[in-house]
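Asks: Hey, dropping data22.cif in here, mmCIF, C-alpha atoms:
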```cif
data_my_file
#
loop_
_atom_site.group_PDB
_atom_site.id
_atom_site.type_symbol
_atom_site.label_atom_id
_atom_site.label_comp_id
_atom_site.auth_asym_id
_atom_site.auth_seq_id
_atom_site.Cartn_x
_atom_site.Cartn_y
_atom_site.Cartn_z
ATOM 1 C CA MET A 1 0.000 0.000 0.000
ATOM 2 C CA LYS A 2 1.147 3.500 -0.826
ATOM 3 C CA ARG A 3 2.447 5.470 2.132
ATOM 4 C CA LEU A 4 0.364 8.544 3.001
ATOM 5 C CA ILE A 5 1.175 11.490 5.240
ATOM 6 C CA ASN A 6 -0.955 11.580 8.405
ATOM 7 C CA VAL A 7 -2.888 14.852 8.597
ATOM 8 C CA ALA A 8 -4.527 16.339 11.692
ATOM 9 C CA VAL A 9 -6.809 19.375 11.490
ATOM 10 C CA LEU A 10 -7.167 21.847 14.371
ATOM 11 C CA VAL A 11 -10.518 23.644 14.536
ATOM 12 C CA SER A 12 -12.507 25.951 16.798
ATOM 13 C CA GLY A 13 -15.853 26.411 15.061
ATOM 14 C CA GLY A 14 -18.075 25.396 12.165
ATOM 15 C CA GLY A 15 -15.376 23.744 10.116
ATOM 16 C CA THR A 16 -16.157 24.964 6.592
ATOM 17 C CA ASN A 17 -12.456 24.772 5.668
ATOM 18 C CA LEU A 18 -12.321 21.287 7.151
ATOM 19 C CA GLN A 19 -15.302 20.392 4.950
ATOM 20 C CA ALA A 20 -13.389 21.629 1.902
ATOM 21 C CA ILE A 21 -10.596 19.173 2.776
ATOM 22 C CA ILE A 22 -13.086 16.335 3.402
ATOM 23 C CA ASP A 23 -14.747 17.001 0.018
ATOM 24 C CA TYR A 24 -11.384 17.225 -1.759
ATOM 25 C CA ALA A 25 -10.363 13.864 -0.253
ATOM 26 C CA ALA A 26 -13.751 12.315 -1.146
ATOM 27 C CA GLU A 27 -13.210 13.357 -4.767
ATOM 28 C CA GLY A 28 -9.930 11.415 -4.741
ATOM 29 C CA ASN A 29 -7.707 14.483 -4.958
ATOM 30 C CA LEU A 30 -5.865 14.085 -1.653
ATOM 31 C CA LYS A 31 -3.471 11.510 -3.044
ATOM 32 C CA SER A 32 -0.545 12.025 -0.642
ATOM 33 C CA GLY A 33 -2.293 12.605 2.695
ATOM 34 C CA ASN A 34 -4.749 10.894 4.986
ATOM 35 C CA LEU A 35 -6.979 12.775 7.421
ATOM 36 C CA VAL A 36 -6.472 10.962 10.732
ATOM 37 C CA LYS A 37 -7.840 13.296 13.416
ATOM 38 C CA VAL A 38 -9.741 16.531 14.015
ATOM 39 C CA ILE A 39 -8.952 18.343 17.268
ATOM 40 C CA SER A 40 -11.171 21.165 18.506
ATOM 41 C CA SER A 41 -10.304 23.859 21.046
ATOM 42 C CA LYS A 42 -14.022 24.077 21.911
ATOM 43 C CA GLU A 43 -16.601 21.549 23.058
ATOM 44 C CA GLY A 44 -19.535 21.236 20.683
ATOM 45 C CA ALA A 45 -17.824 22.774 17.642
ATOM 46 C CA TYR A 46 -19.777 21.763 14.534
ATOM 47 C CA ALA A 47 -16.487 20.821 12.853
ATOM 48 C CA LEU A 48 -16.427 17.729 15.104
ATOM 49 C CA GLU A 49 -19.727 16.556 13.590
ATOM 50 C CA ARG A 50 -18.280 16.984 10.105
ATOM 51 C CA ALA A 51 -15.337 14.759 11.080
ATOM 52 C CA LYS A 52 -17.554 12.111 12.689
ATOM 53 C CA SER A 53 -19.747 11.958 9.575
ATOM 54 C CA VAL A 54 -16.756 10.603 7.627
ATOM 55 C CA ASP A 55 -15.437 8.405 10.465
ATOM 56 C CA VAL A 56 -12.437 10.588 11.300
ATOM 57 C CA LYS A 57 -11.333 10.459 14.944
ATOM 58 C CA THR A 58 -12.033 13.561 17.016
ATOM 59 C CA ALA A 59 -10.702 15.072 20.226
ATOM 60 C CA VAL A 60 -11.324 18.210 22.262
ATOM 61 C CA VAL A 61 -8.487 20.118 23.955
ATOM 62 C CA THR A 62 -9.926 23.254 25.511
ATOM 63 C CA ARG A 63 -7.865 26.395 25.992
ATOM 64 C CA LYS A 64 -9.915 27.846 28.834
ATOM 65 C CA GLY A 65 -8.349 27.916 32.273
ATOM 66 C CA LYS A 66 -5.029 26.460 31.105
ATOM 67 C CA THR A 67 -1.582 27.913 30.644
ATOM 68 C CA GLN A 68 -0.227 27.968 27.078
ATOM 69 C CA GLU A 69 2.079 25.120 28.034
ATOM 70 C CA GLU A 70 -0.720 22.940 29.435
ATOM 71 C CA PHE A 71 -2.902 23.603 26.414
ATOM 72 C CA GLU A 72 -0.139 22.800 23.941
ATOM 73 C CA SER A 73 0.981 19.658 25.765
ATOM 74 C CA GLY A 74 -2.642 18.462 25.482
ATOM 75 C CA LEU A 75 -2.532 19.138 21.739
ATOM 76 C CA ILE A 76 0.832 17.380 21.348
ATOM 77 C CA LYS A 77 -0.500 14.315 23.186
ATOM 78 C CA GLU A 78 -3.418 14.070 20.734
ATOM 79 C CA LEU A 79 -1.160 14.689 17.732
ATOM 80 C CA GLU A 80 1.355 12.054 18.812
ATOM 81 C CA GLU A 81 -1.404 9.503 19.418
ATOM 82 C CA CYS A 82 -2.360 9.644 15.726
ATOM 83 C CA ASN A 83 1.236 10.115 14.482
ATOM 84 C CA ALA A 84 0.283 13.416 12.847
ATOM 85 C CA GLU A 85 2.912 14.588 10.367
ATOM 86 C CA VAL A 86 1.131 17.632 8.968
ATOM 87 C CA ILE A 87 -1.188 19.938 10.891
ATOM 88 C CA VAL A 88 -3.814 22.143 9.261
ATOM 89 C CA LEU A 89 -5.236 25.120 11.144
ATOM 90 C CA ALA A 90 -8.792 25.478 9.846
ATOM 91 C CA GLY A 91 -10.531 28.276 11.708
ATOM 92 C CA PHE A 92 -8.407 27.505 14.770
ATOM 93 C CA MET A 93 -8.690 30.533 17.033
ATOM 94 C CA CYS A 94 -5.673 29.996 19.294
ATOM 95 C CA ILE A 95 -2.189 31.427 18.869
ATOM 96 C CA LEU A 96 0.553 28.799 19.094
ATOM 97 C CA SER A 97 3.902 29.349 20.814
ATOM 98 C CA LYS A 98 7.342 29.289 19.185
ATOM 99 C CA ASP A 99 8.073 26.020 21.014
ATOM 100 C CA PHE A 100 5.054 24.414 19.369
ATOM 101 C CA THR A 101 5.626 25.809 15.869
ATOM 102 C CA ASP A 102 9.348 24.920 16.001
ATOM 103 C CA ARG A 103 8.439 21.371 16.967
ATOM 104 C CA TYR A 104 6.426 21.037 13.745
ATOM 105 C CA LYS A 105 8.532 23.310 11.548
ATOM 106 C CA ASP A 106 7.223 23.523 7.951
ATOM 107 C CA ARG A 107 4.499 21.043 8.877
ATOM 108 C CA ILE A 108 1.742 23.403 10.068
ATOM 109 C CA ILE A 109 -0.328 25.203 7.448
ATOM 110 C CA ASN A 110 -2.984 27.871 7.844
ATOM 111 C CA VAL A 111 -5.348 29.698 5.515
ATOM 112 C CA HIS A 112 -5.765 33.444 6.004
ATOM 113 C CA PRO A 113 -8.587 35.414 4.302
ATOM 114 C CA SER A 114 -6.460 38.104 2.642
ATOM 115 C CA LEU A 115 -3.504 38.394 0.310
ATOM 116 C CA ILE A 116 -0.659 38.438 2.841
ATOM 117 C CA PRO A 117 1.092 40.817 3.649
ATOM 118 C CA SER A 118 -2.136 42.881 3.511
ATOM 119 C CA PHE A 119 -4.601 42.788 6.427
ATOM 120 C CA CYS A 120 -2.836 40.131 8.440
ATOM 121 C CA GLY A 121 -1.082 39.630 11.752
ATOM 122 C CA GLU A 122 -2.372 39.974 15.273
ATOM 123 C CA GLY A 123 -6.021 41.003 15.566
ATOM 124 C CA PHE A 124 -6.826 40.278 11.915
ATOM 125 C CA TYR A 125 -9.201 37.318 11.830
ATOM 126 C CA GLY A 126 -12.696 36.488 10.622
ATOM 127 C CA LEU A 127 -14.820 39.421 9.507
ATOM 128 C CA LYS A 128 -12.260 41.962 10.751
ATOM 129 C CA VAL A 129 -10.041 41.145 7.772
ATOM 130 C CA HIS A 130 -12.826 41.880 5.283
ATOM 131 C CA GLU A 131 -13.929 45.022 7.119
ATOM 132 C CA ALA A 132 -10.358 46.312 6.906
ATOM 133 C CA ALA A 133 -10.072 45.500 3.180
ATOM 134 C CA LEU A 134 -13.313 47.353 2.416
ATOM 135 C CA ALA A 135 -12.403 50.301 4.648
ATOM 136 C CA TYR A 136 -9.065 50.625 2.864
ATOM 137 C CA GLY A 137 -10.740 50.526 -0.530
ATOM 138 C CA VAL A 138 -8.650 47.806 -2.147
ATOM 139 C CA LYS A 139 -10.055 46.452 -5.403
ATOM 140 C CA VAL A 140 -8.693 42.938 -5.005
ATOM 141 C CA THR A 141 -8.454 40.707 -1.947
ATOM 142 C CA GLY A 142 -8.231 36.932 -1.625
ATOM 143 C CA ALA A 143 -6.770 34.214 0.556
ATOM 144 C CA THR A 144 -3.318 32.910 1.413
ATOM 145 C CA VAL A 145 -2.157 29.514 2.614
ATOM 146 C CA HIS A 146 1.101 29.744 4.527
ATOM 147 C CA PHE A 147 3.325 27.775 6.864
ATOM 148 C CA VAL A 148 2.838 28.698 10.517
ATOM 149 C CA ASN A 149 5.602 30.056 12.691
ATOM 150 C CA GLU A 150 5.488 32.010 15.958
ATOM 151 C CA ILE A 151 4.537 35.257 14.166
ATOM 152 C CA PRO A 152 0.788 35.462 13.389
ATOM 153 C CA ASP A 153 0.460 35.039 9.589
ATOM 154 C CA GLY A 154 4.251 35.334 9.351
ATOM 155 C CA GLY A 155 5.306 32.018 7.813
ATOM 156 C CA LYS A 156 6.347 31.296 4.241
ATOM 157 C CA ILE A 157 3.564 31.596 1.659
ATOM 158 C CA ILE A 158 2.523 28.371 -0.092
ATOM 159 C CA MET A 159 -0.339 29.549 -2.315
ATOM 160 C CA GLN A 160 -2.537 32.593 -2.934
ATOM 161 C CA ARG A 161 -5.689 33.262 -4.894
ATOM 162 C CA ALA A 162 -7.164 36.664 -5.681
ATOM 163 C CA VAL A 163 -10.839 37.631 -5.418
ATOM 164 C CA LYS A 164 -12.246 40.864 -6.901
ATOM 165 C CA ILE A 165 -14.121 43.236 -4.624
ATOM 166 C CA LYS A 166 -17.536 44.328 -5.866
ATOM 167 C CA GLU A 167 -18.891 47.841 -5.513
ATOM 168 C CA ASN A 168 -21.581 47.181 -2.927
ATOM 169 C CA ASP A 169 -19.781 44.453 -1.005
ATOM 170 C CA THR A 170 -20.514 44.028 2.673
ATOM 171 C CA PRO A 171 -17.924 42.324 4.899
ATOM 172 C CA GLU A 172 -20.263 39.300 5.122
ATOM 173 C CA ALA A 173 -20.734 39.019 1.341
ATOM 174 C CA LEU A 174 -17.009 39.407 0.775
ATOM 175 C CA GLN A 175 -16.187 36.817 3.439
ATOM 176 C CA LYS A 176 -18.479 34.286 1.768
ATOM 177 C CA ARG A 177 -16.989 34.921 -1.688
ATOM 178 C CA VAL A 178 -13.392 34.709 -0.450
ATOM 179 C CA MET A 179 -14.219 31.382 1.211
ATOM 180 C CA GLU A 180 -15.947 29.930 -1.853
ATOM 181 C CA GLN A 181 -13.572 31.252 -4.518
ATOM 182 C CA ALA A 182 -10.255 31.150 -2.669
ATOM 183 C CA GLU A 183 -10.006 29.494 0.763
ATOM 184 C CA TRP A 184 -11.868 26.287 -0.067
ATOM 185 C CA LYS A 185 -9.850 25.889 -3.274
ATOM 186 C CA ILE A 186 -6.290 26.628 -2.164
ATOM 187 C CA LEU A 187 -6.315 25.039 1.307
ATOM 188 C CA PRO A 188 -6.888 21.438 0.120
ATOM 189 C CA THR A 189 -4.595 21.944 -2.898
ATOM 190 C CA SER A 190 -1.828 23.301 -0.664
ATOM 191 C CA LEU A 191 -2.275 20.400 1.736
ATOM 192 C CA GLU A 192 -1.789 17.925 -1.104
ATOM 193 C CA GLN A 193 1.282 19.869 -2.284
ATOM 194 C CA VAL A 194 2.879 19.840 1.206
ATOM 195 C CA CYS A 195 2.177 16.118 1.747
ATOM 196 C CA LYS A 196 3.502 15.287 -1.706
ATOM 197 C CA SER A 197 6.755 17.166 -1.146
ATOM 198 C CA LEU A 198 7.267 15.465 2.246
ATOM 199 C CA LEU A 199 6.879 12.056 0.603
ATOM 200 C CA LYS A 200 9.289 13.092 -2.142
ATOM 201 C CA GLY A 201 11.866 14.099 0.449
ATOM 202 C CA GLU A 202 11.811 10.706 2.193
#
```
I'd like the structure from this file rewritten - as structure tokens, please.
Replies:
Amino acid sequence: MKRLINVAVLVSGGGTNLQAIIDYAAEGNLKSGNLVKVISSKEGAYALERAKSVDVKTAVVTRKGKTQEEFESGLIKELEECNAEVIVLAGFMCILSKDFTDRYKDRIINVHPSLIPSFCGEGFYGLKVHEAALAYGVKVTGATVHFVNEIPDGGKIIMQRAVKIKENDTPEALQKRVMEQAEWKILPTSLEQVCKSLLKGE
């Protein structure tokens, strides 16, 4: 049997980006990776239901009331249990420490809803990114998949896709379009690319 890279996805909410990966895998496009676990930082996150519906193992490691170290050691325990080799942050709302990102150097990927280096870094997440893009008056926005290091949105860029801004866009309308036209396309493709290059390097 062909060796596949074990992929774990970290989530905090609804899991639409996770769904994009699940769909991509179901279509037979995730040829180099295998989704082995979904870990949520919140109890009851809908993303967990999405994982269960395709028989992917789930776990919950809550952030509340823990030190960064305690929280991350809980994550590492879950990741080691499933031998995770690549980690995808899909709407994961927790900042990870340098110790954690160094441990999985060039093996953690994240999707950000803008064309980095615009509208990124600390405090730029969710709708805030789209509000900022509209307030600034840019004509083009998009999404970026990048490796994760200790600097929020600071890691090496893997893939980007542009999305045009329409005249009467609201932050909500823009968010939806960026997800549909950019995030859900480039996140699964980037994941396949990263897994493929890891296999090549073995």
Asks: When you look at Lys185 in chain A with a cut-off of 12 Å (counting only C-alpha atoms), what residues show up, excluding the ones that are within fewer than 5 positions of it in the same chain? I need them as an MDAnalysis selection string.
Replies: chainID A and resid 16:21 23:24 29 111 142:145 159:163 177:180 190:192
Asks: Please dump the current selection as a PDB file, in the frame of the given file; keep C-alpha atoms.
Replies:
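New file again_30.pdb:
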```pdb
ATOM      1  CA  THR A  16     -16.157  24.964   6.592  1.00  0.00           C
ATOM      2  CA  ASN A  17     -12.456  24.772   5.668  1.00  0.00           C
ATOM      3  CA  LEU A  18     -12.321  21.287   7.151  1.00  0.00           C
ATOM      4  CA  GLN A  19     -15.302  20.392   4.950  1.00  0.00           C
ATOM      5  CA  ALA A  20     -13.389  21.629   1.902  1.00  0.00           C
ATOM      6  CA  ILE A  21     -10.596  19.173   2.776  1.00  0.00           C
ATOM      7  CA  ASP A  23     -14.747  17.001   0.018  1.00  0.00           C
ATOM      8  CA  TYR A  24     -11.384  17.225  -1.759  1.00  0.00           C
ATOM      9  CA  ASN A  29      -7.707  14.483  -4.958  1.00  0.00           C
ATOM     10  CA  VAL A 111      -5.348  29.698   5.515  1.00  0.00           C
ATOM     11  CA  GLY A 142      -8.231  36.932  -1.625  1.00  0.00           C
ATOM     12  CA  ALA A 143      -6.770  34.214   0.556  1.00  0.00           C
ATOM     13  CA  THR A 144      -3.318  32.910   1.413  1.00  0.00           C
ATOM     14  CA  VAL A 145      -2.157  29.514   2.614  1.00  0.00           C
ATOM     15  CA  MET A 159      -0.339  29.549  -2.315  1.00  0.00           C
ATOM     16  CA  GLN A 160      -2.537  32.593  -2.934  1.00  0.00           C
ATOM     17  CA  ARG A 161      -5.689  33.262  -4.894  1.00  0.00           C
ATOM     18  CA  ALA A 162      -7.164  36.664  -5.681  1.00  0.00           C
ATOM     19  CA  VAL A 163     -10.839  37.631  -5.418  1.00  0.00           C
ATOM     20  CA  ARG A 177     -16.989  34.921  -1.688  1.00  0.00           C
ATOM     21  CA  VAL A 178     -13.392  34.709  -0.450  1.00  0.00           C
ATOM     22  CA  MET A 179     -14.219  31.382   1.211  1.00  0.00           C
ATOM     23  CA  GLU A 180     -15.947  29.930  -1.853  1.00  0.00           C
ATOM     24  CA  SER A 190      -1.828  23.301  -0.664  1.00  0.00           C
ATOM     25  CA  LEU A 191      -2.275  20.400   1.736  1.00  0.00           C
ATOM     26  CA  GLU A 192      -1.789  17.925  -1.104  1.00  0.00           C
TER      27      GLU A 192
END
```
Asks: Starting from the PyMOL selection byres ((chain A and resi 32-49) around 6), expand the selection into actual residues of this file and give them as a ChimeraX atom specification.
Replies: /A:4-15,30-31,50-52,56-62,195-196
Asks: On this file, the PyMOL selection byres ((chain A and resi 149) around 9) gives some set of residues; write that set as an MDAnalysis selection string.
Replies: chainID A and resid 96:98 100:102 105:106 108 147:148 150:156
Asks: Evaluate the PyMOL selection byres ((chain A and resi 76) around 12) and record the selected residues as a PyMOL selection string, following the chain and residue labels used in the document.
Replies: chain A and resi 8+10+39+59+61+69-75+77-85+87+96+99-101+103-104
Asks: Any idea what's packed within 12 Å of Asn168 in chain A, counting only C-alpha atoms, ignoring anything in its chain fewer than 5 positions away? Could you give it as an MDAnalysis selection string?
Replies: chainID A and resid 134 137 139 173:174
Asks: When you count all atoms listed in the file, which of these residues is closest to Lys128 in chain A: A:Ile165, A:Gln175, A:Arg3, A:Phe92?
Replies: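 Closest to Lys128 in chain A, using all atoms listed in the file: A:Gln175.
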Asks: Write out as a PyMOL selection string which residues come within 12 Å of Glu131 in chain A when counting all atoms listed in the file, dropping same-chain ones fewer than 2 positions away.
Replies: chain A and resi 113-114+119+124-129+133-138+141+165+169-175
Asks: Just the number, please: distance in Å from CA of Ala90 in chain A to CA of Arg107 in chain A, one decimal.
Replies: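 According to the coordinates, CA of Ala90 in chain A and CA of Arg107 in chain A are separated by 14.0 Å.
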Asks: Hey, what's within 6 Å of Asn110 in chain A if we count all atoms listed in the file and toss same-chain stuff fewer than 3 positions away? As a PDB file with C-alpha atoms, in the coordinates of the input, please?
Replies:
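Output contents, as saved in around21.pdb:
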```pdb
ATOM      1  CA  VAL A  88      -3.814  22.143   9.261  1.00  0.00           C
ATOM      2  CA  LEU A  89      -5.236  25.120  11.144  1.00  0.00           C
ATOM      3  CA  VAL A 145      -2.157  29.514   2.614  1.00  0.00           C
ATOM      4  CA  HIS A 146       1.101  29.744   4.527  1.00  0.00           C
TER       5      HIS A 146
END
```
Asks: What does the distance between CA of Val140 in chain A and CA of Thr189 in chain A come to in Å, to one decimal place?
Replies: 21.5 Å
Asks: Rounded to one decimal, what separation in Å do you get between CA of Leu115 in chain A and CA of Ala182 in chain A?
Replies: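 CA of Leu115 in chain A sits 10.3 Å away from CA of Ala182 in chain A.
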Asks: Kindly list the centre and edge lengths in Å, rounded to one decimal, for the axis-aligned box that covers all listed atoms of range 139-158 of chain A plus 8 Å on each of its six sides, as lines of an AutoDock Vina configuration file.
Replies:
```
center_x = -1.9
center_y = 37.1
center_z = 5.3
size_x = 32.4
size_y = 34.7
size_z = 37.4
```
Asks: Have a look at A:Glu122, A:Glu202, A:Glu27, A:Glu183 and name the one nearest to Ile95 in chain A; count only C-alpha atoms.
Replies: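 When distances to Ile95 in chain A are compared using only C-alpha atoms, the smallest one comes from A:Glu122.
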